[in-house]
>>> print(open('run-v8.pdb').read())   # PDB, C-alpha atoms
ATOM      1  CA  MET J   1      35.947 -45.321  33.495
ATOM      2  CA  GLY J   2      35.351 -41.782  32.268
ATOM      3  CA  LEU J   3      37.911 -38.968  32.303
ATOM      4  CA  GLY J   4      35.744 -36.641  34.345
ATOM      5  CA  PRO J   5      32.498 -34.646  34.281
ATOM      6  CA  THR J   6      31.269 -33.448  30.910
ATOM      7  CA  LYS J   7      28.973 -30.659  29.804
ATOM      8  CA  ARG J   8      26.930 -30.356  26.669
ATOM      9  CA  ILE J   9      27.876 -27.491  24.359
ATOM     10  CA  GLY J  10      24.366 -26.136  24.743
ATOM     11  CA  ASP J  11      24.969 -25.586  28.456
ATOM     12  CA  TRP J  12      27.294 -22.717  27.568
ATOM     13  CA  LEU J  13      24.958 -21.112  25.051
ATOM     14  CA  GLU J  14      22.020 -18.930  25.949
ATOM     15  CA  ALA J  15      18.771 -19.059  24.049
ATOM     16  CA  GLY J  16      19.081 -17.374  20.657
ATOM     17  CA  GLN J  17      22.828 -17.963  20.412
ATOM     18  CA  GLN J  18      22.772 -21.372  18.775
ATOM     19  CA  THR J  19      25.150 -20.384  15.999
ATOM     20  CA  THR J  20      27.735 -22.787  14.653
ATOM     21  CA  GLY J  21      31.226 -22.701  13.220
ATOM     22  CA  PHE J  22      33.373 -19.583  13.257
ATOM     23  CA  ALA J  23      30.268 -17.374  13.402
ATOM     24  CA  ARG J  24      30.130 -18.198  17.111
ATOM     25  CA  LEU J  25      33.231 -16.035  17.583
ATOM     26  CA  ASP J  26      31.474 -12.872  16.400
ATOM     27  CA  SER J  27      29.853 -12.295  19.771
ATOM     28  CA  GLU J  28      32.953 -13.029  21.818
ATOM     29  CA  GLY J  29      34.493 -10.220  23.848
ATOM     30  CA  PHE J  30      37.917 -10.013  22.270
ATOM     31  CA  PRO J  31      40.225  -7.379  23.801
ATOM     32  CA  ALA J  32      39.984  -3.986  22.154
ATOM     33  CA  PHE J  33      42.815  -3.068  19.789
ATOM     34  CA  GLU J  34      43.019   0.614  20.619
ATOM     35  CA  PRO J  35      44.523   3.373  18.427
ATOM     36  CA  GLY J  36      48.128   4.096  19.383
ATOM     37  CA  TRP J  37      48.815   0.540  20.505
ATOM     38  CA  VAL J  38      51.291  -1.969  19.086
ATOM     39  CA  TRP J  39      50.437  -5.654  19.217
ATOM     40  CA  LEU J  40      53.415  -7.989  18.784
ATOM     41  CA  VAL J  41      51.864 -11.170  17.480
ATOM     42  CA  GLY J  42      53.280 -14.575  16.588
ATOM     43  CA  ALA J  43      51.800 -15.997  13.395
ATOM     44  CA  GLY J  44      53.074 -19.536  14.020
ATOM     45  CA  PRO J  45      55.541 -21.681  12.070
ATOM     46  CA  GLY J  46      53.886 -21.288   8.667
ATOM     47  CA  ALA J  47      50.559 -23.056   8.269
ATOM     48  CA  PRO J  48      47.798 -20.418   8.553
ATOM     49  CA  GLY J  49      45.675 -22.749  10.655
ATOM     50  CA  LEU J  50      48.240 -22.634  13.439
ATOM     51  CA  MET J  51      47.786 -18.966  14.206
ATOM     52  CA  SER J  52      45.794 -18.040  17.305
ATOM     53  CA  LEU J  53      42.338 -16.501  17.605
ATOM     54  CA  LEU J  54      43.946 -13.329  18.941
ATOM     55  CA  CYS J  55      46.170 -13.206  15.862
ATOM     56  CA  TYR J  56      43.108 -13.414  13.619
ATOM     57  CA  HIS J  57      41.352 -10.749  15.713
ATOM     58  CA  ALA J  58      44.373  -8.450  15.359
ATOM     59  CA  LEU J  59      44.404  -8.920  11.586
ATOM     60  CA  GLN J  60      40.717  -7.986  11.483
ATOM     61  CA  THR J  61      41.059  -4.822  13.558
ATOM     62  CA  CYS J  62      44.504  -3.319  12.870
ATOM     63  CA  ASP J  63      45.266  -0.270  10.737
ATOM     64  CA  VAL J  64      48.713  -1.367   9.607
ATOM     65  CA  VAL J  65      50.644  -4.654   9.591
ATOM     66  CA  VAL J  66      54.430  -4.562   9.863
ATOM     67  CA  TYR J  67      55.362  -8.123   8.983
ATOM     68  CA  ASP J  68      58.476 -10.284   8.814
ATOM     69  CA  ALA J  69      59.905 -12.423   6.033
ATOM     70  CA  LEU J  70      58.874 -15.655   7.735
ATOM     71  CA  VAL J  71      55.180 -14.776   7.861
ATOM     72  CA  ASN J  72      53.255 -16.926   5.388
ATOM     73  CA  PRO J  73      51.718 -14.478   2.847
ATOM     74  CA  ASP J  74      48.504 -16.534   2.918
ATOM     75  CA  ILE J  75      47.929 -15.251   6.451
ATOM     76  CA  LEU J  76      47.867 -11.664   5.187
ATOM     77  CA  ARG J  77      44.811 -12.322   3.041
ATOM     78  CA  TRP J  78      42.776 -12.232   6.265
ATOM     79  CA  VAL J  79      43.784  -8.663   7.101
ATOM     80  CA  LYS J  80      41.046  -6.037   7.378
ATOM     81  CA  VAL J  81      40.086  -4.374   4.096
ATOM     82  CA  GLY J  82      41.901  -1.050   3.885
ATOM     83  CA  ALA J  83      44.693  -1.893   6.304
ATOM     84  CA  GLU J  84      48.228  -1.046   5.201
ATOM     85  CA  LEU J  85      50.886  -3.717   4.750
ATOM     86  CA  GLU J  86      54.540  -2.879   5.420
ATOM     87  CA  TYR J  87      57.230  -5.476   4.806
ATOM     88  CA  ALA J  88      60.043  -5.460   7.359
ATOM     89  CA  GLY J  89      61.702  -8.779   6.626
ATOM     90  CA  LYS J  90      65.345  -9.475   7.356
ATOM     91  CA  ARG J  91      66.968 -12.312   5.437
ATOM     92  CA  GLY J  92      70.679 -13.163   5.510
ATOM     93  CA  GLY J  93      72.712 -11.733   2.648
ATOM     94  CA  LYS J  94      69.864  -9.595   1.286
ATOM     95  CA  PRO J  95      69.119  -5.858   1.661
ATOM     96  CA  SER J  96      66.997  -5.515   4.786
ATOM     97  CA  PRO J  97      65.763  -2.820   7.145
ATOM     98  CA  THR J  98      67.760  -2.552  10.327
ATOM     99  CA  GLN J  99      66.244  -3.438  13.667
ATOM    100  CA  LYS J 100      66.575   0.213  14.658
ATOM    101  CA  ASP J 101      64.599   1.266  11.570
ATOM    102  CA  ILE J 102      61.825  -1.210  12.363
ATOM    103  CA  THR J 103      61.546  -0.145  15.985
ATOM    104  CA  HIS J 104      61.410   3.544  15.075
ATOM    105  CA  ARG J 105      58.725   2.818  12.490
ATOM    106  CA  LEU J 106      56.567   1.026  15.066
ATOM    107  CA  ILE J 107      56.867   3.972  17.423
ATOM    108  CA  ASP J 108      56.079   6.526  14.700
ATOM    109  CA  LEU J 109      53.015   4.611  13.512
ATOM    110  CA  ALA J 110      51.679   4.237  17.051
ATOM    111  CA  ARG J 111      52.222   7.923  17.808
ATOM    112  CA  ALA J 112      50.265   8.713  14.647
ATOM    113  CA  GLY J 113      47.282   6.964  16.231
ATOM    114  CA  LYS J 114      47.474   3.740  14.232
ATOM    115  CA  ARG J 115      46.566   0.302  15.505
ATOM    116  CA  VAL J 116      49.884  -1.353  14.715
ATOM    117  CA  LEU J 117      50.146  -5.113  14.253
ATOM    118  CA  ARG J 118      53.769  -6.238  14.397
ATOM    119  CA  LEU J 119      53.434  -9.702  12.887
ATOM    120  CA  LYS J 120      56.257 -12.194  13.324
ATOM    121  CA  GLY J 121      56.752 -15.773  12.234
ATOM    122  CA  GLY J 122      56.687 -18.293  15.055
ATOM    123  CA  ASP J 123      56.697 -16.647  18.469
ATOM    124  CA  PRO J 124      57.814 -13.028  19.053
ATOM    125  CA  PHE J 125      59.969 -13.929  22.047
ATOM    126  CA  MET J 126      61.669 -17.022  20.609
ATOM    127  CA  PHE J 127      64.679 -15.611  18.740
ATOM    128  CA  GLY J 128      62.300 -13.096  17.149
ATOM    129  CA  ARG J 129      63.745  -9.942  18.759
ATOM    130  CA  GLY J 130      60.335  -9.219  20.201
ATOM    131  CA  GLY J 131      61.896  -8.498  23.576
ATOM    132  CA  GLU J 132      64.084  -5.781  22.066
ATOM    133  CA  GLU J 133      61.144  -4.189  20.284
ATOM    134  CA  CYS J 134      59.033  -4.205  23.449
ATOM    135  CA  GLN J 135      61.921  -2.717  25.370
ATOM    136  CA  HIS J 136      62.037   0.287  23.027
ATOM    137  CA  LEU J 137      58.258   0.616  22.942
ATOM    138  CA  ALA J 138      58.197   0.709  26.731
ATOM    139  CA  LEU J 139      60.954   3.357  26.842
ATOM    140  CA  ALA J 140      58.976   5.407  24.321
ATOM    141  CA  ALA J 141      55.802   5.054  26.444
ATOM    142  CA  VAL J 142      53.986   3.262  23.602
ATOM    143  CA  PRO J 143      51.464   0.733  24.968
ATOM    144  CA  PHE J 144      51.747  -2.803  23.649
ATOM    145  CA  ARG J 145      50.355  -6.316  23.936
ATOM    146  CA  ILE J 146      52.163  -9.614  23.339
ATOM    147  CA  VAL J 147      50.316 -12.438  21.584
ATOM    148  CA  PRO J 148      52.477 -15.593  21.692
ATOM    149  CA  GLY J 149      52.640 -17.898  18.695
ATOM    150  CA  ILE J 150      53.524 -21.529  18.075
ATOM    151  CA  THR J 151      57.271 -21.597  17.596
ATOM    152  CA  SER J 152      58.793 -23.731  14.842
ATOM    153  CA  GLY J 153      61.027 -25.427  17.412
ATOM    154  CA  ILE J 154      57.917 -27.126  18.800
ATOM    155  CA  GLY J 155      55.225 -26.892  16.129
ATOM    156  CA  GLY J 156      57.608 -27.526  13.253
ATOM    157  CA  LEU J 157      58.938 -30.613  14.961
ATOM    158  CA  ALA J 158      55.392 -31.864  15.514
ATOM    159  CA  TYR J 159      54.698 -31.596  11.783
ATOM    160  CA  ALA J 160      57.816 -33.654  11.159
ATOM    161  CA  GLY J 161      56.803 -36.393  13.583
ATOM    162  CA  MET J 162      59.304 -35.455  16.294
ATOM    163  CA  PRO J 163      58.101 -34.678  19.832
ATOM    164  CA  ALA J 164      60.178 -31.916  21.382
ATOM    165  CA  THR J 165      60.121 -34.022  24.553
ATOM    166  CA  HIS J 166      59.256 -37.665  25.156
ATOM    167  CA  ARG J 167      59.782 -39.479  28.416
ATOM    168  CA  ASP J 168      61.399 -42.432  26.631
ATOM    169  CA  THR J 169      63.875 -40.167  24.836
ATOM    170  CA  ASN J 170      64.475 -36.848  26.559
ATOM    171  CA  HIS J 171      63.245 -35.030  29.641
ATOM    172  CA  SER J 172      64.820 -31.775  28.529
ATOM    173  CA  VAL J 173      65.407 -29.784  25.368
ATOM    174  CA  ILE J 174      67.667 -26.846  24.547
ATOM    175  CA  PHE J 175      66.645 -24.090  22.126
ATOM    176  CA  LEU J 176      69.605 -22.412  20.468
ATOM    177  CA  THR J 177      70.122 -19.732  17.844
ATOM    178  CA  GLY J 178      72.648 -20.464  15.119
ATOM    179  CA  HIS J 179      73.896 -16.905  14.664
ATOM    180  CA  ASP J 180      74.344 -13.712  16.648
ATOM    181  CA  ALA J 181      73.434 -10.110  15.801
ATOM    182  CA  THR J 182      76.357  -9.891  13.357
ATOM    183  CA  GLY J 183      75.318 -13.028  11.485
ATOM    184  CA  SER J 184      78.278 -14.998  12.807
ATOM    185  CA  MET J 185      78.223 -18.200  14.809
ATOM    186  CA  PRO J 186      77.395 -17.215  18.422
ATOM    187  CA  ALA J 187      80.640 -16.570  20.268
ATOM    188  CA  ASN J 188      79.240 -16.323  23.794
ATOM    189  CA  VAL J 189      77.826 -19.857  23.923
ATOM    190  CA  ASN J 190      79.472 -22.452  26.150
ATOM    191  CA  TRP J 191      79.476 -25.200  23.531
ATOM    192  CA  ALA J 192      81.042 -27.756  25.849
ATOM    193  CA  ALA J 193      78.203 -27.259  28.344
ATOM    194  CA  ILE J 194      75.554 -27.282  25.613
ATOM    195  CA  ALA J 195      76.969 -30.502  24.150
ATOM    196  CA  LYS J 196      76.213 -32.457  27.315
ATOM    197  CA  ALA J 197      73.308 -30.495  28.811
ATOM    198  CA  SER J 198      70.381 -32.095  26.978
ATOM    199  CA  PRO J 199      69.722 -35.162  24.811
ATOM    200  CA  VAL J 200      67.934 -32.931  22.267
ATOM    201  CA  ILE J 201      69.060 -29.584  20.897
ATOM    202  CA  VAL J 202      66.775 -27.545  18.641
ATOM    203  CA  MET J 203      68.527 -24.890  16.591
ATOM    204  CA  TYR J 204      67.053 -21.906  14.784
ATOM    205  CA  MET J 205      68.787 -20.111  11.901
ATOM    206  CA  ALA J 206      71.714 -22.509  12.153
ATOM    207  CA  LEU J 207      72.044 -23.884   8.622
ATOM    208  CA  LYS J 208      74.820 -21.518   7.552
ATOM    209  CA  HIS J 209      77.034 -22.373  10.521
ATOM    210  CA  LEU J 210      75.973 -25.985  11.074
ATOM    211  CA  GLY J 211      79.397 -27.379  10.223
ATOM    212  CA  GLU J 212      81.108 -25.124  12.769
ATOM    213  CA  ILE J 213      78.436 -25.741  15.376
ATOM    214  CA  SER J 214      78.677 -29.502  14.902
ATOM    215  CA  ALA J 215      82.456 -29.368  15.320
ATOM    216  CA  ALA J 216      82.067 -27.323  18.518
ATOM    217  CA  LEU J 217      79.526 -29.770  19.936
ATOM    218  CA  MET J 218      81.741 -32.774  19.157
ATOM    219  CA  ALA J 219      84.728 -30.988  20.687
ATOM    220  CA  GLY J 220      82.568 -30.610  23.783
ATOM    221  CA  GLY J 221      81.955 -34.350  23.944
ATOM    222  CA  ARG J 222      78.864 -34.857  21.794
ATOM    223  CA  ASP J 223      78.833 -38.143  19.861
ATOM    224  CA  GLY J 224      79.501 -37.692  16.149
ATOM    225  CA  ASP J 225      76.908 -40.401  15.403
ATOM    226  CA  ASP J 226      74.155 -38.344  16.993
ATOM    227  CA  PRO J 227      71.371 -37.844  14.416
ATOM    228  CA  VAL J 228      70.807 -34.390  12.920
ATOM    229  CA  THR J 229      67.422 -33.714  11.317
ATOM    230  CA  ILE J 230      66.854 -30.666   9.121
ATOM    231  CA  VAL J 231      63.216 -29.656   8.666
ATOM    232  CA  SER J 232      62.693 -27.059   5.937
ATOM    233  CA  ASN J 233      59.472 -25.058   5.491
ATOM    234  CA  ALA J 234      57.948 -26.720   8.527
ATOM    235  CA  SER J 235      54.151 -27.168   8.554
ATOM    236  CA  MET J 236      53.854 -26.093   4.902
ATOM    237  CA  PRO J 237      52.752 -28.326   1.978
ATOM    238  CA  HIS J 238      56.329 -28.206   0.627
ATOM    239  CA  GLN J 239      57.886 -29.233   3.962
ATOM    240  CA  GLN J 240      61.045 -31.328   3.629
ATOM    241  CA  ALA J 241      62.991 -33.318   6.202
ATOM    242  CA  ALA J 242      66.524 -34.618   5.764
ATOM    243  CA  GLN J 243      68.710 -36.556   8.181
ATOM    244  CA  THR J 244      72.441 -36.829   8.645
ATOM    245  CA  THR J 245      74.797 -37.148  11.619
ATOM    246  CA  LEU J 246      76.666 -34.595  13.646
ATOM    247  CA  ALA J 247      79.985 -35.707  12.139
ATOM    248  CA  GLU J 248      78.661 -35.456   8.574
ATOM    249  CA  ALA J 249      76.443 -32.385   8.975
ATOM    250  CA  GLY J 250      78.840 -29.851   7.481
ATOM    251  CA  ALA J 251      79.534 -31.954   4.384
ATOM    252  CA  PHE J 252      75.842 -32.771   4.037
ATOM    253  CA  ILE J 253      74.861 -29.098   3.996
ATOM    254  CA  ALA J 254      77.539 -28.275   1.438
ATOM    255  CA  ALA J 255      76.432 -31.097  -0.860
ATOM    256  CA  GLN J 256      72.639 -30.931  -0.465
ATOM    257  CA  ASP J 257      71.993 -27.224   0.256
ATOM    258  CA  PRO J 258      68.669 -27.747   2.096
ATOM    259  CA  PRO J 259      66.107 -24.978   1.604
ATOM    260  CA  THR J 260      65.407 -22.341   4.234
ATOM    261  CA  PRO J 261      63.816 -21.505   6.568
ATOM    262  CA  ALA J 262      64.922 -24.597   8.420
ATOM    263  CA  ILE J 263      64.792 -25.866  11.981
ATOM    264  CA  ILE J 264      67.558 -28.287  12.999
ATOM    265  CA  VAL J 265      67.222 -31.012  15.612
ATOM    266  CA  VAL J 266      70.207 -32.751  17.160
ATOM    267  CA  GLY J 267      69.446 -35.911  19.082
ATOM    268  CA  ARG J 268      67.210 -38.912  19.290
ATOM    269  CA  ALA J 269      63.931 -37.067  18.819
ATOM    270  CA  ALA J 270      64.531 -38.277  15.258
ATOM    271  CA  ASP J 271      63.949 -41.859  16.421
ATOM    272  CA  TRP J 272      60.200 -41.221  16.405
ATOM    273  CA  ARG J 273      59.916 -40.050  12.806
ATOM    274  CA  ASN J 274      59.346 -43.477  11.239
ATOM    275  CA  LEU J 275      56.384 -44.076  13.521
ATOM    276  CA  LEU J 276      54.988 -40.564  13.954
ATOM    277  CA  ASP J 277      55.568 -38.964  10.548
ATOM    278  CA  TRP J 278      51.887 -38.109   9.999
ATOM    279  CA  TYR J 279      52.087 -35.039   7.725
ATOM    280  CA  LYS J 280      52.250 -36.620   4.307
ATOM    281  CA  GLY J 281      50.167 -37.665   1.313
ATOM    282  CA  PRO J 282      46.714 -36.061   1.054
ATOM    283  CA  LEU J 283      47.290 -34.122   4.290
ATOM    284  CA  ARG J 284      49.763 -31.926   2.410
ATOM    285  CA  GLU J 285      47.021 -30.807   0.018
ATOM    286  CA  ASN J 286      45.311 -28.554   2.557
ATOM    287  CA  PRO J 287      47.146 -25.184   2.635
ATOM    288  CA  ILE J 288      45.557 -24.242   5.971
ATOM    289  CA  GLY J 289      47.636 -26.913   7.683
TER     290      GLY J 289
END
>>> encode(input="run-v8.pdb", output="structure tokens")
Amino acid sequence: MGLGPTKRIGDWLEAGQQTTGFARLDSEGFPAFEPGWVWLVGAGPGAPGLMSLLCYHALQTCDVVVYDALVNPDILRWVKVGAELEYAGKRGGKPSPTQKDITHRLIDLARAGKRVLRLKGGDPFMFGRGGEECQHLALAAVPFRIVPGITSGIGGLAYAGMPATHRDTNHSVIFLTGHDATGSMPANVNWAAIAKASPVIVMYMALKHLGEISAALMAGGRDGDDPVTIVSNASMPHQQAAQTTLAEAGAFIAAQDPPTPAIIVVGRAADWRNLLDWYKGPLRENPIG
């Protein structure tokens, strides 16, 4: 039995438009990237092939790219010839522009009539401070567009063979940041509630405080034998995945020092890795993803 009605590709193409491949996109009516606008765009978890068509369109039409540390530099090679590149990355323990500086720069560039592409790793609204930047753009009467991206907490897990949800494992998932605006472990999180709220917890930027977070989760009733999977450089050819337990996580980090950026998964999503770990061998040789 079929899955439903089908149409031939030719049914959507008018005579004279029988182009193939990416050339077929040239005639598409992408939204105009107007001067004085800021587009906040998610570039995805790392692999260039995971960025969206709108992200590629923005790269091809912008005047300036203000990009974060987690944006894969290979993505920037697709920027329009002549566009400016401005690095605005913030990495823990290293000299970095402040969020206030970045926001003011976006506003200044837009008011100068530039088409401003604010390019972020992952998704702008998933622990990317995109909401704060949009808030200030709106208050400054600077028009903007949001282009969502594949977040590492979903796409990165997929590249490590771990479904974010699976009806045999978990019907819910919690996304959690591992540090607050000061760089400390989040103080306003109800760890006891988090510990029991979902079978799977996905944590961003949590490597530094993983020992403390694990202790707080166990104090809240989480089983110390719960698996903890650390996926570094998700979706990239040099992706790594390591597994420990909640009780041993702090000691494991201290001894092994996994590379960053890393996404951390607490819970039985790890049970699927042996069966679903598809991104390996020759598949790693393609830098597009």
>>> atom_distance(input="run-v8.pdb", atom1="atom CA of J:Trp272", atom2="atom CA of J:Pro227")
11.8 Å
>>> atom_distance(input="run-v8.pdb", atom1="atom CA of J:Trp39", atom2="atom CA of J:Ala88")
15.3 Å
>>> closest_residue(input="run-v8.pdb", among="J:Leu246, J:Val79, J:Leu109, J:Leu117", to="J:Gly221", atoms="all atoms listed in the file")
J:Leu246
>>> residues_around(input="run-v8.pdb", residues="J:Thr244", least_positions_apart="2", cutoff="12 Å", atoms="all atoms listed in the file", output="PyMOL selection string")
chain J and resi 210-211+214+224-231+241-242+246-253+255-256+258+264-267+270
>>> atom_distance(input="run-v8.pdb", atom1="atom CA of J:Gly113", atom2="atom CA of J:Ser96")
26.0 Å
>>> residues_around(input="run-v8.pdb", residues="J:Glu28", least_positions_apart="3", cutoff="12 Å", atoms="all atoms listed in the file", output="list in words")
Leu13, Gln17, Phe22, Ala23, Arg24, Leu25, Pro31, Ala32, Leu53, Leu54 and His57 of chain J
>>> write_last_selection(input="run-v8.pdb", atoms="C-alpha atoms", output="PDB file, in the coordinates of the input")
ATOM      1  CA  LEU J  13      24.958 -21.112  25.051  1.00  0.00           C
ATOM      2  CA  GLN J  17      22.828 -17.963  20.412  1.00  0.00           C
ATOM      3  CA  PHE J  22      33.373 -19.583  13.257  1.00  0.00           C
ATOM      4  CA  ALA J  23      30.268 -17.374  13.402  1.00  0.00           C
ATOM      5  CA  ARG J  24      30.130 -18.198  17.111  1.00  0.00           C
ATOM      6  CA  LEU J  25      33.231 -16.035  17.583  1.00  0.00           C
ATOM      7  CA  PRO J  31      40.225  -7.379  23.801  1.00  0.00           C
ATOM      8  CA  ALA J  32      39.984  -3.986  22.154  1.00  0.00           C
ATOM      9  CA  LEU J  53      42.338 -16.501  17.605  1.00  0.00           C
ATOM     10  CA  LEU J  54      43.946 -13.329  18.941  1.00  0.00           C
ATOM     11  CA  HIS J  57      41.352 -10.749  15.713  1.00  0.00           C
TER      12      HIS J  57
END
